[in-house]
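run_23.txt follows; it contains compact mmCIF, C-alpha atoms.
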# COMPACT_ATOMS: atom_id res chain seq x y z
CA MET N 1 11.62 -5.83 -8.53
CA ASN N 2 13.87 -6.91 -5.69
CA THR N 3 13.75 -6.29 -1.98
CA HIS N 4 15.47 -2.93 -2.29
CA ASP N 5 12.15 -1.61 -3.59
CA ALA N 6 10.56 -2.28 -0.20
CA HIS N 7 10.24 1.18 1.27
CA GLY N 8 11.41 1.37 4.87
CA MET N 9 12.93 -2.07 5.00
CA HIS N 10 16.48 -0.81 5.44
CA ASP N 11 15.62 2.17 7.67
CA HIS N 12 16.15 1.99 11.41
CA GLU N 13 12.56 3.18 11.82
CA PRO N 14 9.85 1.46 9.76
CA ALA N 15 8.12 3.61 7.17
CA GLY N 16 4.85 5.44 7.66
CA LEU N 17 5.02 5.94 11.42
CA ALA N 18 5.83 9.67 11.21
CA SER N 19 4.28 12.62 9.39
CA THR N 20 7.73 14.26 9.20
CA LYS N 21 10.89 12.46 8.12
CA GLY N 22 14.07 13.33 6.25
CA GLY N 23 13.05 16.99 6.10
CA TYR N 24 9.69 16.26 4.43
CA THR N 25 6.28 16.75 6.07
CA LEU N 26 2.85 15.42 5.07
CA ALA N 27 0.34 18.26 5.47
CA PRO N 28 -3.34 17.36 4.86
CA ALA N 29 -5.67 20.31 4.23
CA THR N 30 -8.05 18.74 6.76
CA THR N 31 -7.98 15.70 9.00
CA MET N 32 -11.76 15.28 8.98
CA LEU N 33 -13.65 12.85 6.76
CA VAL N 34 -17.38 12.20 6.39
CA ALA N 35 -18.31 8.51 6.44
CA GLY N 36 -20.33 7.38 3.44
CA MET N 37 -19.61 10.47 1.34
CA THR N 38 -17.12 11.13 -1.43
CA ARG N 39 -15.11 14.27 -0.82
CA PRO N 40 -11.93 15.67 -2.37
CA PHE N 41 -8.98 14.90 -0.12
CA THR N 42 -6.17 17.40 -0.56
CA PHE N 43 -2.70 17.54 0.91
CA ARG N 44 0.78 18.88 0.32
CA VAL N 45 4.25 17.59 1.01
CA LEU N 46 6.44 20.30 2.50
CA GLY N 47 10.15 20.16 1.79
CA PRO N 48 13.15 20.99 4.00
CA ASP N 49 12.66 24.69 3.21
CA GLY N 50 9.03 24.59 4.33
CA ALA N 51 7.69 25.16 0.81
CA PRO N 52 5.41 22.67 -0.99
CA VAL N 53 7.27 20.12 -3.10
CA THR N 54 6.27 20.41 -6.76
CA ALA N 55 8.70 18.00 -8.47
CA TYR N 56 8.43 14.24 -8.03
CA ASP N 57 9.94 11.26 -9.80
CA VAL N 58 7.67 8.67 -11.40
CA GLU N 59 7.84 5.48 -9.35
CA HIS N 60 5.91 2.48 -10.68
CA GLU N 61 4.08 4.66 -13.20
CA LYS N 62 2.84 7.24 -10.67
CA ARG N 63 4.32 10.21 -8.84
CA MET N 64 2.28 9.53 -5.71
CA HIS N 65 0.86 6.34 -4.22
CA LEU N 66 -1.65 7.02 -1.44
CA ILE N 67 -2.71 4.17 0.82
CA VAL N 68 -5.79 4.70 2.99
CA VAL N 69 -6.86 2.24 5.68
CA ARG N 70 -8.78 2.39 8.93
CA ARG N 71 -6.60 1.80 11.98
CA ASP N 72 -8.16 -1.65 12.49
CA THR N 73 -6.99 -2.31 8.86
CA ALA N 74 -10.52 -2.32 7.40
CA GLY N 75 -11.38 -0.41 4.24
CA PHE N 76 -8.00 -0.62 2.47
CA GLN N 77 -7.59 1.64 -0.59
CA HIS N 78 -4.67 2.33 -2.94
CA VAL N 79 -5.32 5.52 -4.91
CA HIS N 80 -3.33 7.98 -7.01
CA PRO N 81 -3.90 11.70 -6.47
CA GLU N 82 -3.34 14.39 -9.10
CA LEU N 83 -0.73 17.10 -8.56
CA GLY N 84 -1.51 20.79 -9.00
CA GLU N 85 1.06 23.37 -10.03
CA ASP N 86 1.15 24.76 -6.48
CA GLY N 87 2.14 21.39 -5.01
CA THR N 88 -1.36 20.42 -3.85
CA TRP N 89 -2.37 16.79 -4.34
CA THR N 90 -6.09 16.01 -4.83
CA VAL N 91 -8.03 12.75 -4.97
CA PRO N 92 -11.74 11.88 -4.53
CA LEU N 93 -11.91 9.82 -1.35
CA THR N 94 -14.72 7.76 0.13
CA VAL N 95 -14.64 5.98 3.48
CA GLY N 96 -17.60 3.75 4.14
CA GLU N 97 -17.68 3.79 7.92
CA ALA N 98 -16.69 5.87 10.92
CA GLY N 99 -13.31 5.52 12.59
CA VAL N 100 -9.73 6.72 12.60
CA TYR N 101 -8.01 6.26 9.26
CA ARG N 102 -4.31 6.23 8.42
CA VAL N 103 -3.08 7.69 5.14
CA PHE N 104 0.35 6.80 3.78
CA ALA N 105 1.91 9.06 1.14
CA ASP N 106 4.49 6.97 -0.76
CA PHE N 107 6.63 9.12 -3.09
CA LYS N 108 10.09 10.14 -4.28
CA PRO N 109 10.82 13.86 -4.48
CA SER N 110 13.06 14.74 -7.42
CA GLY N 111 16.62 14.69 -6.16
CA GLY N 112 15.58 13.07 -2.87
CA ALA N 113 15.11 9.62 -1.41
CA ALA N 114 11.99 7.44 -1.63
CA THR N 115 9.87 8.39 1.37
CA THR N 116 6.66 7.27 3.07
CA LEU N 117 4.88 9.62 5.47
CA GLY N 118 1.73 8.92 7.47
CA ALA N 119 -1.09 10.92 9.07
CA ASP N 120 -4.35 10.16 10.86
CA LEU N 121 -7.77 11.21 9.56
CA PHE N 122 -11.05 11.07 11.48
CA ALA N 123 -14.57 10.12 10.41
CA ALA N 124 -17.10 10.76 13.17
CA GLY N 125 -19.76 8.20 14.09
CA ASP N 126 -20.28 4.81 15.68
CA PHE N 127 -16.98 2.95 15.34
CA ARG N 128 -17.03 -0.85 15.56
CA PRO N 129 -13.54 -2.28 15.08
CA VAL N 130 -13.00 -5.50 13.14
CA GLU N 131 -10.75 -8.22 14.52
CA TYR N 132 -8.96 -10.43 12.00
CA ALA N 133 -7.95 -14.06 12.56
CA PRO N 134 -4.83 -15.43 10.83
CA SER N 135 -5.69 -16.21 7.19
CA ARG N 136 -3.70 -17.32 4.15
CA VAL N 137 -6.56 -17.64 1.66
CA ALA N 138 -8.56 -14.72 0.29
CA GLU N 139 -11.77 -14.81 -1.77
CA VAL N 140 -12.65 -11.76 -3.88
CA ASP N 141 -15.09 -11.50 -6.83
CA GLY N 142 -14.82 -15.22 -7.68
CA TYR N 143 -11.03 -15.24 -7.37
CA ARG N 144 -9.16 -17.26 -4.79
CA VAL N 145 -5.68 -16.14 -3.78
CA GLU N 146 -3.49 -18.39 -1.64
CA LEU N 147 -0.41 -17.20 0.23
CA ASP N 148 2.58 -19.50 0.67
CA GLY N 149 5.71 -18.67 2.65
CA GLU N 150 6.67 -17.32 6.07
CA LEU N 151 7.54 -13.80 7.15
CA THR N 152 10.88 -13.78 8.98
CA PRO N 153 11.69 -10.64 10.97
CA GLY N 154 14.79 -8.75 9.91
CA LYS N 155 15.51 -10.48 6.61
CA PRO N 156 13.90 -10.89 3.18
CA SER N 157 11.33 -13.68 3.11
CA LYS N 158 9.97 -15.32 -0.03
CA VAL N 159 6.19 -15.02 -0.24
CA THR N 160 4.24 -16.44 -3.19
CA LEU N 161 0.63 -15.63 -3.95
CA THR N 162 -1.26 -17.87 -6.36
CA VAL N 163 -4.38 -16.63 -8.15
CA THR N 164 -7.20 -18.84 -9.41
CA GLU N 165 -10.62 -17.95 -10.80
CA ASN N 166 -13.52 -20.34 -10.34
CA GLY N 167 -11.03 -23.15 -9.74
CA ARG N 168 -8.80 -22.43 -12.75
CA GLU N 169 -5.31 -21.00 -12.60
CA VAL N 170 -5.07 -17.42 -13.85
CA THR N 171 -2.21 -17.27 -16.36
CA ASP N 172 -3.04 -13.91 -17.96
CA LEU N 173 -2.74 -11.41 -15.15
CA GLN N 174 -2.54 -7.88 -16.51
CA PRO N 175 0.24 -5.47 -15.59
CA TYR N 176 -0.85 -2.95 -12.96
CA LEU N 177 1.48 -0.04 -12.35
CA GLY N 178 4.24 -1.92 -14.15
CA ALA N 179 3.93 -5.19 -12.22
CA TYR N 180 1.71 -8.27 -11.90
CA GLY N 181 1.00 -7.40 -8.30
CA HIS N 182 1.66 -4.91 -5.50
CA LEU N 183 1.90 -6.01 -1.89
CA VAL N 184 1.45 -3.75 1.13
CA ALA N 185 2.14 -5.07 4.63
CA LEU N 186 0.97 -3.25 7.76
CA ARG N 187 2.18 -4.24 11.21
CA GLY N 188 -0.53 -4.74 13.80
CA GLY N 189 -0.63 -2.14 16.55
CA ASP N 190 1.19 0.78 14.94
CA LEU N 191 0.62 0.13 11.19
CA ALA N 192 4.31 0.25 10.26
CA TYR N 193 4.27 0.25 6.46
CA LEU N 194 6.02 -1.91 3.87
CA HIS N 195 5.33 -1.70 0.12
CA VAL N 196 6.91 -4.52 -1.91
CA HIS N 197 7.00 -5.13 -5.65
CA PRO N 198 7.28 -8.57 -7.23
CA ASP N 199 10.36 -10.48 -8.29
CA GLY N 200 10.50 -9.90 -12.04
CA GLU N 201 8.32 -7.69 -14.20
CA PRO N 202 6.11 -7.92 -17.29
CA GLY N 203 8.04 -8.21 -20.54
CA ASP N 204 11.36 -9.23 -18.99
CA GLY N 205 11.34 -12.55 -20.85
CA HIS N 206 11.03 -14.85 -17.87
CA THR N 207 8.28 -13.62 -15.55
CA ALA N 208 4.99 -15.43 -16.12
CA ALA N 209 1.66 -13.61 -15.97
CA GLY N 210 0.40 -15.88 -13.19
CA PRO N 211 -0.87 -17.87 -11.55
CA ALA N 212 1.98 -17.25 -9.05
CA VAL N 213 3.34 -13.84 -8.09
CA THR N 214 6.45 -13.93 -5.90
CA PHE N 215 7.68 -11.24 -3.52
CA PHE N 216 10.65 -10.93 -1.19
CA ALA N 217 9.37 -9.06 1.84
CA GLY N 218 11.43 -8.07 4.86
CA VAL N 219 9.30 -7.23 7.88
CA PRO N 220 11.11 -5.27 10.63
CA THR N 221 9.95 -7.23 13.68
CA GLY N 222 7.86 -10.13 14.83
CA GLY N 223 4.12 -9.65 15.22
CA THR N 224 0.90 -9.88 13.26
CA TYR N 225 0.83 -8.31 9.81
CA ARG N 226 -2.04 -7.51 7.49
CA LEU N 227 -1.09 -8.08 3.84
CA PHE N 228 -2.92 -6.53 0.88
CA LEU N 229 -2.28 -7.75 -2.68
CA ASP N 230 -3.47 -5.58 -5.59
CA PHE N 231 -3.73 -7.50 -8.87
CA GLN N 232 -5.42 -6.82 -12.20
CA HIS N 233 -7.40 -9.25 -14.34
CA GLY N 234 -10.24 -8.65 -16.76
CA ASP N 235 -9.37 -4.94 -16.77
CA LYS N 236 -10.23 -4.57 -13.09
CA VAL N 237 -7.98 -4.19 -10.06
CA ARG N 238 -8.89 -6.28 -7.03
CA THR N 239 -7.43 -6.49 -3.54
CA ALA N 240 -6.87 -9.75 -1.65
CA GLU N 241 -6.33 -9.50 2.12
CA PHE N 242 -4.39 -11.77 4.47
CA THR N 243 -3.41 -11.89 8.14
CA VAL N 244 -0.01 -13.46 8.86
CA VAL N 245 2.06 -13.86 12.02
CA ALA N 246 5.81 -13.27 11.69

The structure in this file should be written as structure tokens.
Amino acid sequence: MNTHDAHGMHDHEPAGLASTKGGYTLAPATTMLVAGMTRPFTFRVLGPDGAPVTAYDVEHEKRMHLIVVRRDTAGFQHVHPELGEDGTWTVPLTVGEAGVYRVFADFKPSGGAATTLGADLFAAGDFRPVEYAPSRVAEVDGYRVELDGELTPGKPSKVTLTVTENGREVTDLQPYLGAYGHLVALRGGDLAYLHVHPDGEPGDGHTAAGPAVTFFAGVPTGGTYRLFLDFQHGDKVRTAEFTVVA
């Protein structure tokens, strides 16, 4: 996929900062969560006429991508709710610790434009924020992912992530949602949202299944960004996290 798949990149306002945009509104059934417990999280997207939207296009194999992250960028999740006939989305959701969480609903209503809306959720309790130092190497479940490239504000920047397992290059990444990787960038401070898909796709005849996955990401401004790469190997999806200054 090319840079035009990066939601919000070409908008004057970065994606995910508003709960209402382009006539669509993200309406959670509740904004309260319970830390340490799994509860159904339900929400609707209201259309320009105020009624729940019930028709969505499939984008990257799903009709709704829901990103959940605490406002200090801890506890990142990428989940896929199920849609009811009345326009209500439902997904089991667990947050491990107290704090204020941001949810991003990333979708394309049928006949409308790709849209990302955001809302805050609250889990009561003792909140201890995490501070992240700049990092370009992530370790997760025996995998090492290295990030190469610079983020340049206002224009597409080539970013390559290389995956190894126990010191060996991974050359058999599995497609996940139609790609060898999905990259979400969140701007420090306000959590402006950018969702980027890789250059090339499985089965196109020239895109290798690792070890390198290349993206062209266009961040809107300078600042510190948290990057989250979802990749699948051994039938399991893992998330590698990075902190990069643009």

For this session: Name the residues in contact with range 59-76 of chain N at a cut-off of 7 Å, using all atoms listed in the file, excluding same-chain residues fewer than 5 positions from it; report them as a list in words.
Result: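 So, after excluding close chain neighbours, the residues are Pro81, Gly99, Val100, Tyr101, Arg102, Val103, Phe104, Ala105, Asp106, Phe107, Pro129, Val130, Leu177 and Gly178 of chain N.
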
Atoms to include: C-alpha atoms. Write the selected residues as a PDB file, in the coordinates of the input.
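Saved as out-v4.pdb:
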ATOM      1  CA  PRO N  81      -3.900  11.700  -6.470  1.00  0.00           C
ATOM      2  CA  GLY N  99     -13.310   5.520  12.590  1.00  0.00           C
ATOM      3  CA  VAL N 100      -9.730   6.720  12.600  1.00  0.00           C
ATOM      4  CA  TYR N 101      -8.010   6.260   9.260  1.00  0.00           C
ATOM      5  CA  ARG N 102      -4.310   6.230   8.420  1.00  0.00           C
ATOM      6  CA  VAL N 103      -3.080   7.690   5.140  1.00  0.00           C
ATOM      7  CA  PHE N 104       0.350   6.800   3.780  1.00  0.00           C
ATOM      8  CA  ALA N 105       1.910   9.060   1.140  1.00  0.00           C
ATOM      9  CA  ASP N 106       4.490   6.970  -0.760  1.00  0.00           C
ATOM     10  CA  PHE N 107       6.630   9.120  -3.090  1.00  0.00           C
ATOM     11  CA  PRO N 129     -13.540  -2.280  15.080  1.00  0.00           C
ATOM     12  CA  VAL N 130     -13.000  -5.500  13.140  1.00  0.00           C
ATOM     13  CA  LEU N 177       1.480  -0.040 -12.350  1.00  0.00           C
ATOM     14  CA  GLY N 178       4.240  -1.920 -14.150  1.00  0.00           C
TER      15      GLY N 178
END

Give me the residues of range 82-157 of chain N that have any atom at most 10 Å from an atom of range 23-31 of chain N; for each, the nearest atom pair and the distance in Å, rounded to one decimal. Use only C-alpha atoms, sort by chain and number, and format it as a Markdown table.
| residue | atom | partner | partner_atom | distance |
| --- | --- | --- | --- | --- |
| N:Thr88 | CA | N:Ala29 | CA | 9.2 |
| N:Trp89 | CA | N:Pro28 | CA | 9.3 |
| N:Val100 | CA | N:Thr31 | CA | 9.8 |
| N:Tyr101 | CA | N:Thr31 | CA | 9.4 |
| N:Val103 | CA | N:Pro28 | CA | 9.7 |
| N:Phe104 | CA | N:Leu26 | CA | 9.1 |
| N:Ala105 | CA | N:Leu26 | CA | 7.5 |
| N:Pro109 | CA | N:Tyr24 | CA | 9.3 |
| N:Gly112 | CA | N:Tyr24 | CA | 9.9 |
| N:Thr115 | CA | N:Tyr24 | CA | 8.4 |
| N:Thr116 | CA | N:Leu26 | CA | 9.2 |
| N:Leu117 | CA | N:Leu26 | CA | 6.2 |
| N:Gly118 | CA | N:Leu26 | CA | 7.0 |
| N:Ala119 | CA | N:Leu26 | CA | 7.2 |
| N:Asp120 | CA | N:Thr31 | CA | 6.9 |
| N:Leu121 | CA | N:Thr31 | CA | 4.5 |
| N:Phe122 | CA | N:Thr31 | CA | 6.1 |
| N:Ala123 | CA | N:Thr31 | CA | 8.7 |

Exercise. Smallest atom-to-atom distance to Gly203 in chain N: which of N:Thr224, N:Pro175, N:Asp141, N:Leu183, using only C-alpha atoms?
Worked result: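 Smallest distance to Gly203 in chain N is found for N:Pro175.
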
Seminar exercise, completed: Judged by only C-alpha atoms, the minimum distance to Asp148 in chain N among N:Phe242, N:Tyr180, N:Tyr225, N:Tyr132 is found for N:Phe242

Exercise. Taking all atoms listed in the file into account, which of N:Thr214, N:His78, N:Val163, N:Gly200 comes nearest Val140 in chain N?
Worked result: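 Smallest separation from Val140 in chain N among the options: N:Val163.
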
Seminar exercise, completed: One residue among N:Gly234, N:Gly188, N:Gly218, N:Gly84 is nearest to Pro134 in chain N when using only C-alpha atoms, and that residue is N:Gly188

Problem set entry | Minimum-distance residue to Thr152 in chain N, chosen among N:Ala217, N:Leu229, N:Val196, N:Ala209 (using all atoms listed in the file) | N:Ala217

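Between CA of Ala240 in chain N and CA of Leu83 in chain N the separation is 28.4 Å.
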
Problem set entry | Neighbour list for Ser135 in chain N as a PyMOL selection string, cut-off 12 Å, all atoms listed in the file, skip fewer than 2 positions in-chain | chain N and resi 131-133+137-139+145-148+224-228+240-245

For this session: Mind checking which residues fall within 9 Å of Gly36 in chain N, counting all atoms listed in the file, ignoring those fewer than 5 positions away in the same chain, and posting them as a list in words?
Result: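 Contacts, with the query itself left out: Thr94, Val95, Gly96, Glu97 and Ala98 of chain N.
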
Problem set entry | Best match for closeness to Val213 in chain N among N:Val58, N:Val170, N:Leu151, N:Leu33, counting all atoms listed in the file | N:Val170

Exercise. Do you have the CA of Ala114 in chain N-CA of Ala192 in chain N distance handy?
Worked result: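 Atom-to-atom, CA of Ala114 in chain N to CA of Ala192 in chain N, that is 15.9 Å.
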
For this session: Kindly give the distance, in Å, that separates CA of Thr90 in chain N and CA of Thr42 in chain N, rounded to a single decimal.
Result: 4.5 Å
